[in-house]
file entry_21.cif (mmCIF, C-alpha atoms; chains and numbers go by the auth columns)
data_input
#
loop_
_atom_site.group_PDB
_atom_site.id
_atom_site.type_symbol
_atom_site.label_atom_id
_atom_site.label_comp_id
_atom_site.label_asym_id
_atom_site.label_seq_id
_atom_site.Cartn_x
_atom_site.Cartn_y
_atom_site.Cartn_z
_atom_site.B_iso_or_equiv
_atom_site.auth_seq_id
_atom_site.auth_asym_id
ATOM 1 C CA MET A 1 17.058 148.307 49.038 0.00 10 A
ATOM 2 C CA SER A 2 20.073 150.598 48.746 0.00 11 A
ATOM 3 C CA VAL A 3 23.732 149.590 48.806 0.00 12 A
ATOM 4 C CA THR A 4 25.893 151.143 51.519 0.00 13 A
ATOM 5 C CA ASP A 5 29.595 150.903 52.276 0.00 14 A
ATOM 6 C CA GLN A 6 30.072 148.862 55.433 0.00 15 A
ATOM 7 C CA PRO A 7 33.345 148.415 57.321 0.00 16 A
ATOM 8 C CA ALA A 8 34.782 144.977 56.504 0.00 17 A
ATOM 9 C CA GLY A 9 36.248 144.456 59.986 0.00 18 A
ATOM 10 C CA PRO A 10 33.069 143.347 61.779 0.00 19 A
ATOM 11 C CA VAL A 11 32.072 141.125 58.859 0.00 20 A
ATOM 12 C CA ILE A 12 35.501 139.463 58.719 0.00 21 A
ATOM 13 C CA ASP A 13 35.594 139.103 62.514 0.00 22 A
ATOM 14 C CA GLY A 14 32.169 137.473 62.426 0.00 23 A
ATOM 15 C CA LEU A 15 33.435 134.867 59.962 0.00 24 A
ATOM 16 C CA GLY A 16 36.322 133.971 62.285 0.00 25 A
ATOM 17 C CA LEU A 17 39.061 134.948 59.825 0.00 26 A
ATOM 18 C CA THR A 18 42.533 135.330 61.324 0.00 27 A
ATOM 19 C CA LEU A 19 46.037 136.047 60.030 0.00 28 A
ATOM 20 C CA ASP A 20 49.198 134.283 61.188 0.00 29 A
ATOM 21 C CA LEU A 21 51.376 137.263 62.098 0.00 30 A
ATOM 22 C CA ARG A 22 54.405 137.842 64.269 0.00 31 A
ATOM 23 C CA THR A 23 54.044 140.580 66.883 0.00 32 A
ATOM 24 C CA ASP A 24 56.290 142.913 64.848 0.00 33 A
ATOM 25 C CA ASP A 25 54.619 142.246 61.450 0.00 34 A
ATOM 26 C CA LEU A 26 52.897 145.174 59.736 0.00 35 A
ATOM 27 C CA VAL A 27 50.043 144.585 57.310 0.00 36 A
ATOM 28 C CA SER A 28 50.579 147.194 54.586 0.00 37 A
ATOM 29 C CA ASP A 29 47.697 146.365 52.246 0.00 38 A
ATOM 30 C CA ALA A 30 44.710 144.049 52.099 0.00 39 A
ATOM 31 C CA ILE A 31 42.169 142.722 49.659 0.00 40 A
ATOM 32 C CA VAL A 32 38.877 141.213 50.761 0.00 41 A
ATOM 33 C CA ILE A 33 37.032 138.938 48.352 0.00 42 A
ATOM 34 C CA ALA A 34 33.674 137.763 49.629 0.00 43 A
ATOM 35 C CA LYS A 35 30.791 135.620 48.464 0.00 44 A
ATOM 36 C CA VAL A 36 27.576 137.466 49.278 0.00 45 A
ATOM 37 C CA ILE A 37 24.075 136.009 49.112 0.00 46 A
ATOM 38 C CA GLY A 38 21.516 138.672 48.251 0.00 47 A
ATOM 39 C CA PRO A 39 17.931 138.777 49.534 0.00 48 A
ATOM 40 C CA ASP A 40 16.881 137.075 46.288 0.00 49 A
ATOM 41 C CA GLY A 41 19.156 134.115 47.132 0.00 50 A
ATOM 42 C CA ILE A 42 21.515 134.782 44.242 0.00 51 A
ATOM 43 C CA PRO A 43 25.212 134.642 45.167 0.00 52 A
ATOM 44 C CA LYS A 44 27.643 137.290 43.965 0.00 53 A
ATOM 45 C CA VAL A 45 31.298 138.100 44.514 0.00 54 A
ATOM 46 C CA VAL A 46 32.387 141.453 45.935 0.00 55 A
ATOM 47 C CA ILE A 47 35.921 142.782 46.276 0.00 56 A
ATOM 48 C CA SER A 48 37.386 145.664 48.216 0.00 57 A
ATOM 49 C CA ASP A 49 40.930 146.755 48.938 0.00 58 A
ATOM 50 C CA SER A 50 42.855 149.129 51.152 0.00 59 A
ATOM 51 C CA HIS A 51 42.944 152.763 50.043 0.00 60 A
ATOM 52 C CA SER A 52 46.654 152.785 49.206 0.00 61 A
ATOM 53 C CA LEU A 53 46.463 149.764 46.887 0.00 62 A
ATOM 54 C CA ASP A 54 46.706 150.601 43.187 0.00 63 A
ATOM 55 C CA TRP A 55 45.295 148.308 40.481 0.00 64 A
ATOM 56 C CA LEU A 56 48.656 146.777 39.641 0.00 65 A
ATOM 57 C CA SER A 57 49.418 145.871 43.253 0.00 66 A
ATOM 58 C CA GLN A 58 45.875 144.532 43.640 0.00 67 A
ATOM 59 C CA TYR A 59 46.384 142.322 40.588 0.00 68 A
ATOM 60 C CA ALA A 60 49.760 141.122 41.887 0.00 69 A
ATOM 61 C CA LEU A 61 48.365 140.217 45.320 0.00 70 A
ATOM 62 C CA ILE A 62 45.461 138.316 43.774 0.00 71 A
ATOM 63 C CA LYS A 63 47.791 136.428 41.420 0.00 72 A
ATOM 64 C CA ALA A 64 50.209 135.637 44.273 0.00 73 A
ATOM 65 C CA ALA A 65 47.339 134.323 46.406 0.00 74 A
ATOM 66 C CA GLU A 66 46.105 132.259 43.467 0.00 75 A
ATOM 67 C CA ARG A 67 49.541 130.669 42.971 0.00 76 A
ATOM 68 C CA ILE A 68 49.914 129.937 46.684 0.00 77 A
ATOM 69 C CA ASN A 69 46.464 128.372 46.763 0.00 78 A
ATOM 70 C CA ASP A 70 47.061 126.367 43.578 0.00 79 A
ATOM 71 C CA SER A 71 50.435 125.055 44.724 0.00 80 A
ATOM 72 C CA GLN A 72 49.227 124.239 48.240 0.00 81 A
ATOM 73 C CA GLN A 73 52.499 125.672 49.528 0.00 82 A
ATOM 74 C CA PHE A 74 51.005 127.856 52.181 0.00 83 A
ATOM 75 C CA VAL A 75 53.278 130.449 53.749 0.00 84 A
ATOM 76 C CA SER A 76 53.902 129.961 57.434 0.00 85 A
ATOM 77 C CA VAL A 77 55.125 132.545 59.919 0.00 86 A
ATOM 78 C CA ASP A 78 58.026 130.164 60.568 0.00 87 A
ATOM 79 C CA ASP A 79 59.293 130.543 56.978 0.00 88 A
ATOM 80 C CA GLU A 80 62.509 132.559 57.054 0.00 89 A
ATOM 81 C CA ASP A 81 62.690 132.985 53.256 0.00 90 A
ATOM 82 C CA ASP A 82 60.394 136.022 53.079 0.00 91 A
#

call {"tool": "encode", "arguments": {"input": "entry_21.cif", "output": "structure tokens"}}
result
Amino acid sequence: MSVTDQPAGPVIDGLGLTLDLRTDDLVSDAIVIAKVIGPDGIPKVVISDSHSLDWLSQYALIKAAERINDSQQFVSVDDEDD
């Protein structure tokens, strides 16, 4: 079976993922990390990012997400510090 690039939007929508955004917020970049189960039943991790994201920004976003997740201090749209 061959591997093909598939748009992430329908996959993400199907998983019910949402973002807490204000109406005037603009998403400038994104990284998608997904657990994928192959036909052989073996799980793997795949990653994809927006076209404008360089490796350093990708690394920084992943590290920031890791710190937020580890600290359990989740950012809320009501936070005025950002």

call {"tool": "axis_aligned_box", "arguments": {"input": "entry_21.cif", "around": "segment 52-67 of chain A", "padding_each_side": "6 Å", "output": "AutoDock Vina command-line options"}}
result
--center_x 37.3 --center_y 143.7 --center_z 45.4 --size_x 36.2 --size_y 30.1 --size_z 23.5

call {"tool": "residues_around", "arguments": {"input": "entry_21.cif", "residues": "His60 of chain A", "least_positions_apart": "5", "cutoff": "12 Å", "atoms": "all atoms listed in the file", "output": "PDB file with C-alpha atoms, in the frame of the given file"}}
result
ATOM      1  CA  SER A  37      50.579 147.194  54.586  1.00  0.00           C
ATOM      2  CA  ASP A  38      47.697 146.365  52.246  1.00  0.00           C
ATOM      3  CA  ALA A  39      44.710 144.049  52.099  1.00  0.00           C
ATOM      4  CA  ILE A  40      42.169 142.722  49.659  1.00  0.00           C
ATOM      5  CA  SER A  66      49.418 145.871  43.253  1.00  0.00           C
ATOM      6  CA  GLN A  67      45.875 144.532  43.640  1.00  0.00           C
TER       7      GLN A  67
END

call {"tool": "resolve_selection", "arguments": {"input": "entry_21.cif", "expression": "the PyMOL selection byres ((chain A and resi 10-20) around 12)", "output": "PyMOL selection string"}}
result
chain A and resi 21-27+39-45+47-49+55-59

call {"tool": "atom_distance", "arguments": {"input": "entry_21.cif", "atom1": "atom CA of Ser80 of chain A", "atom2": "atom CA of Leu35 of chain A"}}
result
25.2 Å

call {"tool": "atom_distance", "arguments": {"input": "entry_21.cif", "atom1": "atom CA of Tyr68 of chain A", "atom2": "atom CA of Asp33 of chain A"}}
result
26.2 Å

call {"tool": "build_atoms", "arguments": {"input": "entry_21.cif", "residues": "segment 32-63 of chain A", "atoms": "N, CA and C atoms", "output": "PDB file, in the frame of the given file"}}
result
ATOM      1  N   THR A  32      54.417 139.362  66.164  1.00  0.00           N
ATOM      2  CA  THR A  32      54.044 140.580  66.883  1.00  0.00           C
ATOM      3  C   THR A  32      54.587 141.838  66.222  1.00  0.00           C
ATOM      4  N   ASP A  33      55.711 141.735  65.490  1.00  0.00           N
ATOM      5  CA  ASP A  33      56.290 142.913  64.848  1.00  0.00           C
ATOM      6  C   ASP A  33      55.943 143.016  63.358  1.00  0.00           C
ATOM      7  N   ASP A  34      55.057 142.157  62.848  1.00  0.00           N
ATOM      8  CA  ASP A  34      54.619 142.246  61.450  1.00  0.00           C
ATOM      9  C   ASP A  34      53.692 143.439  61.263  1.00  0.00           C
ATOM     10  N   LEU A  35      53.755 144.047  60.086  1.00  0.00           N
ATOM     11  CA  LEU A  35      52.897 145.174  59.736  1.00  0.00           C
ATOM     12  C   LEU A  35      52.157 144.835  58.445  1.00  0.00           C
ATOM     13  N   VAL A  36      50.843 144.821  58.506  1.00  0.00           N
ATOM     14  CA  VAL A  36      50.043 144.585  57.310  1.00  0.00           C
ATOM     15  C   VAL A  36      49.972 145.907  56.559  1.00  0.00           C
ATOM     16  N   SER A  37      50.513 145.940  55.335  1.00  0.00           N
ATOM     17  CA  SER A  37      50.579 147.194  54.586  1.00  0.00           C
ATOM     18  C   SER A  37      49.391 147.376  53.650  1.00  0.00           C
ATOM     19  N   ASP A  38      48.838 146.302  53.159  1.00  0.00           N
ATOM     20  CA  ASP A  38      47.697 146.365  52.246  1.00  0.00           C
ATOM     21  C   ASP A  38      46.848 145.129  52.436  1.00  0.00           C
ATOM     22  N   ALA A  39      45.606 145.206  51.999  1.00  0.00           N
ATOM     23  CA  ALA A  39      44.710 144.049  52.099  1.00  0.00           C
ATOM     24  C   ALA A  39      43.671 144.090  50.991  1.00  0.00           C
ATOM     25  N   ILE A  40      43.265 142.897  50.602  1.00  0.00           N
ATOM     26  CA  ILE A  40      42.169 142.722  49.659  1.00  0.00           C
ATOM     27  C   ILE A  40      41.184 141.768  50.316  1.00  0.00           C
ATOM     28  N   VAL A  41      39.922 142.109  50.252  1.00  0.00           N
ATOM     29  CA  VAL A  41      38.877 141.213  50.761  1.00  0.00           C
ATOM     30  C   VAL A  41      38.017 140.799  49.573  1.00  0.00           C
ATOM     31  N   ILE A  42      37.910 139.496  49.369  1.00  0.00           N
ATOM     32  CA  ILE A  42      37.032 138.938  48.352  1.00  0.00           C
ATOM     33  C   ILE A  42      35.987 138.118  49.098  1.00  0.00           C
ATOM     34  N   ALA A  43      34.728 138.423  48.865  1.00  0.00           N
ATOM     35  CA  ALA A  43      33.674 137.763  49.629  1.00  0.00           C
ATOM     36  C   ALA A  43      32.546 137.269  48.729  1.00  0.00           C
ATOM     37  N   LYS A  44      32.006 136.131  49.105  1.00  0.00           N
ATOM     38  CA  LYS A  44      30.791 135.620  48.464  1.00  0.00           C
ATOM     39  C   LYS A  44      29.622 136.161  49.277  1.00  0.00           C
ATOM     40  N   VAL A  45      28.719 136.836  48.619  1.00  0.00           N
ATOM     41  CA  VAL A  45      27.576 137.466  49.278  1.00  0.00           C
ATOM     42  C   VAL A  45      26.290 136.887  48.690  1.00  0.00           C
ATOM     43  N   ILE A  46      25.373 136.503  49.554  1.00  0.00           N
ATOM     44  CA  ILE A  46      24.075 136.009  49.112  1.00  0.00           C
ATOM     45  C   ILE A  46      23.072 137.143  49.300  1.00  0.00           C
ATOM     46  N   GLY A  47      22.490 137.586  48.202  1.00  0.00           N
ATOM     47  CA  GLY A  47      21.516 138.672  48.251  1.00  0.00           C
ATOM     48  C   GLY A  47      20.174 138.197  48.769  1.00  0.00           C
ATOM     49  N   PRO A  48      19.256 139.132  49.033  1.00  0.00           N
ATOM     50  CA  PRO A  48      17.931 138.777  49.534  1.00  0.00           C
ATOM     51  C   PRO A  48      17.155 137.884  48.565  1.00  0.00           C
ATOM     52  N   ASP A  49      17.532 137.919  47.287  1.00  0.00           N
ATOM     53  CA  ASP A  49      16.881 137.075  46.288  1.00  0.00           C
ATOM     54  C   ASP A  49      17.492 135.672  46.231  1.00  0.00           C
ATOM     55  N   GLY A  50      18.518 135.424  47.080  1.00  0.00           N
ATOM     56  CA  GLY A  50      19.156 134.115  47.132  1.00  0.00           C
ATOM     57  C   GLY A  50      20.243 133.902  46.102  1.00  0.00           C
ATOM     58  N   ILE A  51      20.496 134.903  45.286  1.00  0.00           N
ATOM     59  CA  ILE A  51      21.515 134.782  44.242  1.00  0.00           C
ATOM     60  C   ILE A  51      22.877 135.191  44.802  1.00  0.00           C
ATOM     61  N   PRO A  52      23.878 134.303  44.670  1.00  0.00           N
ATOM     62  CA  PRO A  52      25.212 134.642  45.167  1.00  0.00           C
ATOM     63  C   PRO A  52      25.932 135.583  44.205  1.00  0.00           C
ATOM     64  N   LYS A  53      26.785 136.422  44.770  1.00  0.00           N
ATOM     65  CA  LYS A  53      27.643 137.290  43.965  1.00  0.00           C
ATOM     66  C   LYS A  53      28.986 137.411  44.669  1.00  0.00           C
ATOM     67  N   VAL A  54      29.966 137.896  43.950  1.00  0.00           N
ATOM     68  CA  VAL A  54      31.298 138.100  44.514  1.00  0.00           C
ATOM     69  C   VAL A  54      31.550 139.596  44.592  1.00  0.00           C
ATOM     70  N   VAL A  55      32.017 140.050  45.762  1.00  0.00           N
ATOM     71  CA  VAL A  55      32.387 141.453  45.935  1.00  0.00           C
ATOM     72  C   VAL A  55      33.862 141.514  46.327  1.00  0.00           C
ATOM     73  N   ILE A  56      34.503 142.598  45.968  1.00  0.00           N
ATOM     74  CA  ILE A  56      35.921 142.782  46.276  1.00  0.00           C
ATOM     75  C   ILE A  56      36.139 144.208  46.755  1.00  0.00           C
ATOM     76  N   SER A  57      37.010 144.343  47.720  1.00  0.00           N
ATOM     77  CA  SER A  57      37.386 145.664  48.216  1.00  0.00           C
ATOM     78  C   SER A  57      38.852 145.603  48.625  1.00  0.00           C
ATOM     79  N   ASP A  58      39.525 146.737  48.543  1.00  0.00           N
ATOM     80  CA  ASP A  58      40.930 146.755  48.938  1.00  0.00           C
ATOM     81  C   ASP A  58      41.248 148.001  49.737  1.00  0.00           C
ATOM     82  N   SER A  59      42.427 147.984  50.358  1.00  0.00           N
ATOM     83  CA  SER A  59      42.855 149.129  51.152  1.00  0.00           C
ATOM     84  C   SER A  59      43.058 150.342  50.240  1.00  0.00           C
ATOM     85  N   HIS A  60      42.924 151.527  50.819  1.00  0.00           N
ATOM     86  CA  HIS A  60      42.944 152.763  50.043  1.00  0.00           C
ATOM     87  C   HIS A  60      44.251 152.992  49.287  1.00  0.00           C
ATOM     88  N   SER A  61      45.360 152.516  49.835  1.00  0.00           N
ATOM     89  CA  SER A  61      46.654 152.785  49.206  1.00  0.00           C
ATOM     90  C   SER A  61      47.000 151.794  48.092  1.00  0.00           C
ATOM     91  N   LEU A  62      46.160 150.802  47.863  1.00  0.00           N
ATOM     92  CA  LEU A  62      46.463 149.764  46.887  1.00  0.00           C
ATOM     93  C   LEU A  62      46.057 150.197  45.483  1.00  0.00           C
ATOM     94  N   ASP A  63      47.033 150.268  44.576  1.00  0.00           N
ATOM     95  CA  ASP A  63      46.706 150.601  43.187  1.00  0.00           C
ATOM     96  C   ASP A  63      46.309 149.329  42.437  1.00  0.00           C
TER      97      ASP A  63
END
